[in-house]
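Visitor: For reference, this is upload.tsv, and it has TSV, C-alpha atoms.
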chain	number	residue	atom	x	y	z
A	29	MET	CA	-22.54	-192.78	-95.25
A	30	ILE	CA	-21.00	-189.95	-97.28
A	31	GLY	CA	-20.68	-187.88	-94.10
A	32	ILE	CA	-19.10	-190.75	-92.19
A	33	ILE	CA	-16.45	-191.13	-94.87
A	34	ALA	CA	-15.82	-187.37	-94.87
A	35	ILE	CA	-15.47	-187.36	-91.08
A	36	MET	CA	-12.98	-190.21	-91.10
A	37	THR	CA	-11.01	-188.55	-93.89
A	38	LEU	CA	-10.79	-185.27	-91.99
A	39	SER	CA	-9.87	-186.83	-88.64
A	40	SER	CA	-6.11	-187.21	-88.83
A	41	CYS	CA	-3.98	-186.34	-85.85
A	42	SER	CA	-1.10	-184.80	-87.76
A	43	GLY	CA	0.96	-181.85	-86.68
A	44	PRO	CA	3.87	-181.18	-84.39
A	45	PRO	CA	4.16	-183.38	-81.30
A	46	VAL	CA	2.43	-181.91	-78.28
A	47	GLU	CA	2.61	-183.07	-74.66
A	48	ASN	CA	-0.66	-184.97	-74.27
A	49	THR	CA	-1.95	-185.72	-70.78
A	50	LEU	CA	-5.36	-186.96	-71.95
A	51	LYS	CA	-5.97	-190.58	-70.96
A	52	PRO	CA	-7.58	-192.97	-73.48
A	53	SER	CA	-10.57	-193.41	-71.16
A	54	GLN	CA	-11.07	-189.62	-71.16
A	55	ALA	CA	-10.86	-189.46	-74.96
A	56	LYS	CA	-13.45	-192.24	-75.23
A	57	LYS	CA	-15.78	-190.63	-72.70
A	58	SER	CA	-15.51	-187.20	-74.32
A	59	ILE	CA	-16.55	-188.35	-77.81
A	60	VAL	CA	-19.36	-190.59	-76.55
A	61	ASP	CA	-20.63	-187.74	-74.40
A	62	ILE	CA	-20.74	-185.09	-77.14
A	63	VAL	CA	-22.29	-187.43	-79.74
A	64	GLU	CA	-24.98	-188.62	-77.32
A	65	ARG	CA	-25.74	-185.09	-76.10
A	66	SER	CA	-25.98	-184.00	-79.73
A	67	ALA	CA	-28.50	-186.74	-80.48
A	68	HIS	CA	-30.50	-185.80	-77.41
A	69	ALA	CA	-30.46	-182.11	-78.36
A	70	ILE	CA	-32.17	-182.69	-81.68
A	71	GLY	CA	-34.42	-185.49	-80.46
A	72	GLY	CA	-35.73	-188.60	-82.10
A	73	ASP	CA	-34.96	-192.28	-81.79
A	74	TRP	CA	-31.17	-192.56	-82.10
A	75	GLN	CA	-29.29	-195.86	-82.11
A	76	VAL	CA	-25.57	-196.61	-81.91
A	77	TYR	CA	-24.31	-197.38	-85.40
A	78	SER	CA	-20.70	-198.07	-84.44
A	79	GLY	CA	-18.31	-197.64	-81.56
A	80	PRO	CA	-16.97	-196.38	-79.43
A	81	ALA	CA	-14.08	-197.88	-81.36
A	82	VAL	CA	-10.41	-197.37	-80.55
A	83	GLU	CA	-8.06	-196.80	-83.45
A	84	ILE	CA	-4.51	-195.65	-84.06
A	85	CYS	CA	-4.13	-191.90	-84.61
A	86	GLY	CA	-2.20	-192.38	-87.83
A	87	GLU	CA	1.10	-193.48	-89.27
A	88	ASP	CA	2.87	-190.58	-87.57
A	89	ALA	CA	1.40	-191.46	-84.16
A	90	PRO	CA	1.71	-195.24	-83.62
A	91	ASP	CA	1.67	-194.83	-79.82
A	92	GLU	CA	-1.48	-192.70	-79.75
A	93	VAL	CA	-5.12	-193.66	-80.00
A	94	ARG	CA	-8.42	-191.97	-80.68
A	95	TYR	CA	-12.02	-193.12	-80.45
A	96	SER	CA	-14.74	-192.92	-83.07
A	97	TYR	CA	-18.45	-193.10	-82.30
A	98	THR	CA	-21.46	-192.92	-84.62
A	99	MET	CA	-25.18	-192.79	-83.94
A	100	GLU	CA	-27.98	-192.90	-86.50
A	101	ARG	CA	-31.64	-191.91	-86.57
A	102	PRO	CA	-34.13	-193.39	-89.04
A	103	ALA	CA	-35.91	-191.05	-91.46
A	104	ASN	CA	-38.47	-188.81	-89.76
A	105	ALA	CA	-40.53	-186.46	-91.95
A	106	GLU	CA	-41.39	-184.28	-88.93
A	107	VAL	CA	-37.80	-183.20	-88.31
A	108	ALA	CA	-36.36	-180.50	-90.55
A	109	PRO	CA	-32.60	-180.66	-91.24
A	110	GLY	CA	-32.28	-176.88	-90.86
A	111	SER	CA	-33.68	-177.01	-87.33
A	112	ASP	CA	-31.37	-179.89	-86.37
A	113	ILE	CA	-28.37	-178.06	-87.76
A	114	ARG	CA	-29.18	-174.87	-85.83
A	115	LYS	CA	-29.55	-176.82	-82.57
A	116	LEU	CA	-26.23	-178.61	-83.07
A	117	LYS	CA	-24.35	-175.46	-84.03
A	118	GLU	CA	-25.56	-173.83	-80.82
A	119	LEU	CA	-24.63	-176.84	-78.67
A	120	TRP	CA	-21.25	-177.29	-80.31
A	121	ARG	CA	-20.35	-173.62	-80.13
A	122	ASP	CA	-21.31	-173.62	-76.43
A	123	GLU	CA	-18.81	-176.49	-76.09
A	124	GLY	CA	-16.09	-174.40	-77.73
A	125	LEU	CA	-16.20	-176.16	-81.09
A	126	ARG	CA	-15.76	-174.33	-84.36
A	127	THR	CA	-18.54	-175.20	-86.82
A	128	VAL	CA	-18.99	-175.07	-90.56
A	129	ASP	CA	-22.08	-175.86	-92.60
A	130	TYR	CA	-21.91	-178.69	-95.09
A	131	GLN	CA	-23.86	-179.21	-98.29
A	132	SER	CA	-23.27	-181.87	-100.93
A	133	GLY	CA	-23.56	-181.04	-104.61
A	134	GLY	CA	-26.39	-181.85	-106.96
A	135	SER	CA	-29.94	-180.67	-107.43
A	136	ASP	CA	-31.13	-182.13	-104.10
A	137	PRO	CA	-28.11	-181.57	-101.80
A	138	LEU	CA	-27.62	-183.30	-98.48
A	139	LEU	CA	-27.26	-180.90	-95.57
A	140	GLY	CA	-25.10	-181.10	-92.49
A	141	VAL	CA	-22.71	-179.41	-90.15
A	142	ARG	CA	-19.14	-180.19	-89.03
A	143	GLY	CA	-17.39	-179.21	-85.84
A	144	LYS	CA	-13.96	-179.49	-84.23
A	145	GLY	CA	-12.02	-178.24	-81.27
A	146	GLY	CA	-11.30	-179.14	-77.67
A	147	ARG	CA	-11.35	-182.90	-77.21
A	148	VAL	CA	-13.04	-183.41	-80.58
A	149	THR	CA	-10.90	-183.93	-83.66
A	150	THR	CA	-14.06	-183.83	-85.72
A	151	ILE	CA	-17.80	-184.30	-85.35
A	152	GLY	CA	-20.42	-184.15	-88.04
A	153	PHE	CA	-24.14	-184.33	-88.58
A	154	ASP	CA	-25.62	-185.43	-91.90
A	155	ALA	CA	-29.31	-185.21	-92.75
A	156	LEU	CA	-29.71	-188.07	-95.21
A	157	PRO	CA	-32.84	-189.17	-97.10
A	158	GLY	CA	-32.88	-192.50	-95.22
A	159	GLY	CA	-32.18	-190.94	-91.82
A	160	SER	CA	-29.51	-188.90	-90.09
A	161	THR	CA	-26.09	-189.62	-88.62
A	162	ILE	CA	-23.87	-188.01	-86.02
A	163	ALA	CA	-20.29	-189.24	-86.16
A	164	GLY	CA	-17.36	-188.07	-84.08
A	165	THR	CA	-13.70	-188.73	-83.49
A	166	SER	CA	-11.90	-187.82	-80.28
A	167	THR	CA	-8.55	-186.15	-80.01
A	168	CYS	CA	-5.55	-188.42	-79.63
A	169	ALA	CA	-4.28	-189.84	-76.36
A	170	PRO	CA	-1.19	-191.88	-75.54
A	171	GLY	CA	-1.92	-195.59	-75.76
A	172	ASN	CA	-1.66	-198.85	-77.63
A	173	PRO	CA	-4.83	-199.67	-79.61
A	174	ARG	CA	-4.27	-203.44	-79.47
A	175	GLU	CA	-3.92	-203.42	-75.68
A	176	LEU	CA	-6.94	-201.16	-75.25
A	177	ARG	CA	-9.08	-203.42	-77.47
A	178	GLU	CA	-8.09	-206.42	-75.38
A	179	GLN	CA	-9.11	-204.59	-72.18
A	180	GLU	CA	-12.63	-203.89	-73.49
What's the C-alpha cells form of this structure?
Guide:
Amino acid sequence: MIGIIAIMTLSSCSGPPVENTLKPSQAKKSIVDIVERSAHAIGGDWQVYSGPAVEICGEDAPDEVRYSYTMERPANAEVAPGSDIRKLKELWRDEGLRTVDYQSGGSDPLLGVRGKGGRVTTIGFDALPGGSTIAGTSTCAPGNPRELREQE
C-alpha cells in the first residue's frame, strides 16, 4: 500500500498546457497494457486490485482525465524482489520509460522500482512482505471523468 500511495502522490499532471491528441480510450489502454505486460514479465498469479479507473488530472486540468490501474500478486517465497526489479527495469526501459530504484527506510526495507515517460505518468512495482503490487497512472487526455464513468 505504501507504494500505491507514493504512486498516486507522484502522478500529478501539472506543467504548462500542451496540445494533447491522446484520446481517453488510448490513455486507458496504454496503462492497462503496460501494467499487465509488467505482471506477465515477472510471472506469478496476478489479480486486478483496482481499475482501470478514470479520474480528473488535477485542479489545474478539470477537462482532462487519466486512468489508474493496479494489480497485485500474493506472497511467493520463490520470487526474489531483485530479479523482479531487474526484469521490470529492462521492460520499462525498452518502452522508453525512465526508471529509478526505490527502497523504504528501516532495518528491513521494502524494495521497488518506479518508472515514467511516454504515455505513463508513473508506474511502480513494490515487493511487499504480503505480496507485490504494480500500479500505474496514464498520461492525461482531454475528457470529462463523469461522462466517461457513465459510459463504462
Visitor: Taking 4 positions as the minimum chain separation for residues in the same chain, which residues sit within 8 Å of stretch 156-173 of chain A when counting only C-alpha atoms? Answer as a ChimeraX atom specification.
Guide: /A:31-32,35-36,39,41,48-52,55-56,58-59,63,66-67,82-85,90-104,138-139,146-152,177
Visitor: For the selection you just gave me, I'd like the residues written to a file as a compact mmCIF listing (two decimals), in the coordinates of the input, keeping C-alpha atoms.
Guide:
# COMPACT_ATOMS: atom_id res chain seq x y z
CA GLY A 31 -20.68 -187.88 -94.10
CA ILE A 32 -19.10 -190.75 -92.19
CA ILE A 35 -15.47 -187.36 -91.08
CA MET A 36 -12.98 -190.21 -91.10
CA SER A 39 -9.87 -186.83 -88.64
CA CYS A 41 -3.98 -186.34 -85.85
CA ASN A 48 -0.66 -184.97 -74.27
CA THR A 49 -1.95 -185.72 -70.78
CA LEU A 50 -5.36 -186.96 -71.95
CA LYS A 51 -5.97 -190.58 -70.96
CA PRO A 52 -7.58 -192.97 -73.48
CA ALA A 55 -10.86 -189.46 -74.96
CA LYS A 56 -13.45 -192.24 -75.23
CA SER A 58 -15.51 -187.20 -74.32
CA ILE A 59 -16.55 -188.35 -77.81
CA VAL A 63 -22.29 -187.43 -79.74
CA SER A 66 -25.98 -184.00 -79.73
CA ALA A 67 -28.50 -186.74 -80.48
CA VAL A 82 -10.41 -197.37 -80.55
CA GLU A 83 -8.06 -196.80 -83.45
CA ILE A 84 -4.51 -195.65 -84.06
CA CYS A 85 -4.13 -191.90 -84.61
CA PRO A 90 1.71 -195.24 -83.62
CA ASP A 91 1.67 -194.83 -79.82
CA GLU A 92 -1.48 -192.70 -79.75
CA VAL A 93 -5.12 -193.66 -80.00
CA ARG A 94 -8.42 -191.97 -80.68
CA TYR A 95 -12.02 -193.12 -80.45
CA SER A 96 -14.74 -192.92 -83.07
CA TYR A 97 -18.45 -193.10 -82.30
CA THR A 98 -21.46 -192.92 -84.62
CA MET A 99 -25.18 -192.79 -83.94
CA GLU A 100 -27.98 -192.90 -86.50
CA ARG A 101 -31.64 -191.91 -86.57
CA PRO A 102 -34.13 -193.39 -89.04
CA ALA A 103 -35.91 -191.05 -91.46
CA ASN A 104 -38.47 -188.81 -89.76
CA LEU A 138 -27.62 -183.30 -98.48
CA LEU A 139 -27.26 -180.90 -95.57
CA GLY A 146 -11.30 -179.14 -77.67
CA ARG A 147 -11.35 -182.90 -77.21
CA VAL A 148 -13.04 -183.41 -80.58
CA THR A 149 -10.90 -183.93 -83.66
CA THR A 150 -14.06 -183.83 -85.72
CA ILE A 151 -17.80 -184.30 -85.35
CA GLY A 152 -20.42 -184.15 -88.04
CA ARG A 177 -9.08 -203.42 -77.47
Visitor: Restricting the calculation to only C-alpha atoms: of A:Arg65, A:Ser78, A:Gly72, A:Ser135, which residue gets closest to A:Leu119?
Guide: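 Selected residue with least distance to A:Leu119: A:Arg65.
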Visitor: Could you state the separation of atom CA of A:Gln131 and atom CA of A:Gly86 in Å, given to one decimal place?
Guide: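 Here the two named atoms are 27.4 Å from each other.
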Visitor: Between atom CA of A:Arg114 and atom CA of A:Val141, what is the distance, to one decimal in Å?
Guide: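 Atom-to-atom, atom CA of A:Arg114 and atom CA of A:Val141 are spaced 9.0 Å apart.
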Visitor: Give me, as a VMD selection string, all polymer residues having an atom no more than 8 Å from A:Gly140, counting all atoms listed in the file and skipping those fewer than 6 positions away in the same chain.
Guide: chain A and resid 109 113 129 to 131 152 to 155
Visitor: Between atom CA of A:Glu87 and atom CA of A:Leu125, what is the distance, to one decimal in Å?
Guide: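 Atom CA of A:Leu125 lies at a distance of 25.8 Å from atom CA of A:Glu87.
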Visitor: Report the centre and edge lengths, in Å to one decimal, of an axis-aligned box enclosing every atom of stretch 72-84 of chain A listed in the file, padded by 5 Å on each side, as JSON.
Guide:
{"center_x": -20.1, "center_y": -193.3, "center_z": -82.4, "size_x": 41.2, "size_y": 19.5, "size_z": 16.0}
Visitor: Please determine, counting all atoms listed in the file, which residue among A:Glu175, A:His68, A:Glu180, A:Gln54 has the shortest atom-to-atom distance to A:Asp112.
Guide: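 Residue with the minimum atom-to-atom distance to A:Asp112: A:His68.
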Visitor: Generate all heavy atoms for stretch 156-167 of chain A and emit them as a PDB file, keeping the file's coordinate frame.
Guide:
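File written: selection.pdb
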ATOM      1  N   LEU A 156     -29.651-187.236 -94.016  1.00  0.00           N
ATOM      2  CA  LEU A 156     -29.710-188.070 -95.210  1.00  0.00           C
ATOM      3  C   LEU A 156     -31.153-188.466 -95.509  1.00  0.00           C
ATOM      4  O   LEU A 156     -31.983-188.520 -94.595  1.00  0.00           O
ATOM      5  CB  LEU A 156     -28.860-189.330 -94.998  1.00  0.00           C
ATOM      6  CG  LEU A 156     -27.404-189.087 -94.585  1.00  0.00           C
ATOM      7  CD1 LEU A 156     -26.738-190.387 -94.178  1.00  0.00           C
ATOM      8  CD2 LEU A 156     -26.648-188.434 -95.717  1.00  0.00           C
ATOM      9  N   PRO A 157     -31.472-188.783 -96.766  1.00  0.00           N
ATOM     10  CA  PRO A 157     -32.840-189.170 -97.100  1.00  0.00           C
ATOM     11  C   PRO A 157     -33.346-190.372 -96.293  1.00  0.00           C
ATOM     12  O   PRO A 157     -34.502-190.428 -95.917  1.00  0.00           O
ATOM     13  CB  PRO A 157     -32.763-189.518 -98.589  1.00  0.00           C
ATOM     14  CG  PRO A 157     -31.567-188.809 -99.096  1.00  0.00           C
ATOM     15  CD  PRO A 157     -30.609-188.730 -97.937  1.00  0.00           C
ATOM     16  N   GLY A 158     -32.482-191.313 -95.983  1.00  0.00           N
ATOM     17  CA  GLY A 158     -32.880-192.500 -95.220  1.00  0.00           C
ATOM     18  C   GLY A 158     -32.693-192.349 -93.728  1.00  0.00           C
ATOM     19  O   GLY A 158     -32.794-193.322 -92.982  1.00  0.00           O
ATOM     20  N   GLY A 159     -32.416-191.167 -93.247  1.00  0.00           N
ATOM     21  CA  GLY A 159     -32.180-190.940 -91.820  1.00  0.00           C
ATOM     22  C   GLY A 159     -31.043-189.970 -91.635  1.00  0.00           C
ATOM     23  O   GLY A 159     -30.583-189.342 -92.576  1.00  0.00           O
ATOM     24  N   SER A 160     -30.585-189.838 -90.404  1.00  0.00           N
ATOM     25  CA  SER A 160     -29.510-188.900 -90.090  1.00  0.00           C
ATOM     26  C   SER A 160     -28.412-189.613 -89.322  1.00  0.00           C
ATOM     27  O   SER A 160     -28.666-190.638 -88.678  1.00  0.00           O
ATOM     28  CB  SER A 160     -30.054-187.758 -89.227  1.00  0.00           C
ATOM     29  OG  SER A 160     -31.083-187.080 -89.891  1.00  0.00           O
ATOM     30  N   THR A 161     -27.200-189.072 -89.391  1.00  0.00           N
ATOM     31  CA  THR A 161     -26.090-189.620 -88.620  1.00  0.00           C
ATOM     32  C   THR A 161     -25.346-188.507 -87.898  1.00  0.00           C
ATOM     33  O   THR A 161     -25.289-187.377 -88.374  1.00  0.00           O
ATOM     34  CB  THR A 161     -25.063-190.366 -89.508  1.00  0.00           C
ATOM     35  OG1 THR A 161     -24.515-189.455 -90.449  1.00  0.00           O
ATOM     36  CG2 THR A 161     -25.679-191.553 -90.212  1.00  0.00           C
ATOM     37  N   ILE A 162     -24.820-188.857 -86.738  1.00  0.00           N
ATOM     38  CA  ILE A 162     -23.870-188.010 -86.020  1.00  0.00           C
ATOM     39  C   ILE A 162     -22.655-188.894 -85.782  1.00  0.00           C
ATOM     40  O   ILE A 162     -22.772-189.956 -85.170  1.00  0.00           O
ATOM     41  CB  ILE A 162     -24.425-187.514 -84.668  1.00  0.00           C
ATOM     42  CG1 ILE A 162     -25.697-186.704 -84.861  1.00  0.00           C
ATOM     43  CG2 ILE A 162     -23.363-186.698 -83.934  1.00  0.00           C
ATOM     44  CD1 ILE A 162     -26.402-186.351 -83.562  1.00  0.00           C
ATOM     45  N   ALA A 163     -21.512-188.464 -86.292  1.00  0.00           N
ATOM     46  CA  ALA A 163     -20.290-189.240 -86.160  1.00  0.00           C
ATOM     47  C   ALA A 163     -19.188-188.343 -85.619  1.00  0.00           C
ATOM     48  O   ALA A 163     -19.054-187.199 -86.050  1.00  0.00           O
ATOM     49  CB  ALA A 163     -19.871-189.824 -87.507  1.00  0.00           C
ATOM     50  N   GLY A 164     -18.422-188.863 -84.666  1.00  0.00           N
ATOM     51  CA  GLY A 164     -17.360-188.070 -84.080  1.00  0.00           C
ATOM     52  C   GLY A 164     -16.105-188.866 -83.850  1.00  0.00           C
ATOM     53  O   GLY A 164     -16.145-190.096 -83.724  1.00  0.00           O
ATOM     54  N   THR A 165     -15.000-188.148 -83.790  1.00  0.00           N
ATOM     55  CA  THR A 165     -13.700-188.730 -83.490  1.00  0.00           C
ATOM     56  C   THR A 165     -13.042-187.876 -82.425  1.00  0.00           C
ATOM     57  O   THR A 165     -12.982-186.656 -82.552  1.00  0.00           O
ATOM     58  CB  THR A 165     -12.812-188.777 -84.749  1.00  0.00           C
ATOM     59  OG1 THR A 165     -13.497-189.484 -85.777  1.00  0.00           O
ATOM     60  CG2 THR A 165     -11.493-189.473 -84.455  1.00  0.00           C
ATOM     61  N   SER A 166     -12.556-188.535 -81.377  1.00  0.00           N
ATOM     62  CA  SER A 166     -11.900-187.820 -80.280  1.00  0.00           C
ATOM     63  C   SER A 166     -10.528-187.334 -80.689  1.00  0.00           C
ATOM     64  O   SER A 166      -9.996-187.731 -81.723  1.00  0.00           O
ATOM     65  CB  SER A 166     -11.759-188.747 -79.064  1.00  0.00           C
ATOM     66  OG  SER A 166     -10.750-189.718 -79.306  1.00  0.00           O
ATOM     67  N   THR A 167      -9.946-186.498 -79.840  1.00  0.00           N
ATOM     68  CA  THR A 167      -8.550-186.150 -80.010  1.00  0.00           C
ATOM     69  C   THR A 167      -7.712-187.373 -79.614  1.00  0.00           C
ATOM     70  O   THR A 167      -8.223-188.341 -79.046  1.00  0.00           O
ATOM     71  CB  THR A 167      -8.146-184.940 -79.150  1.00  0.00           C
ATOM     72  OG1 THR A 167      -8.473-185.216 -77.793  1.00  0.00           O
ATOM     73  CG2 THR A 167      -8.834-183.677 -79.613  1.00  0.00           C
TER      74      THR A 167
END
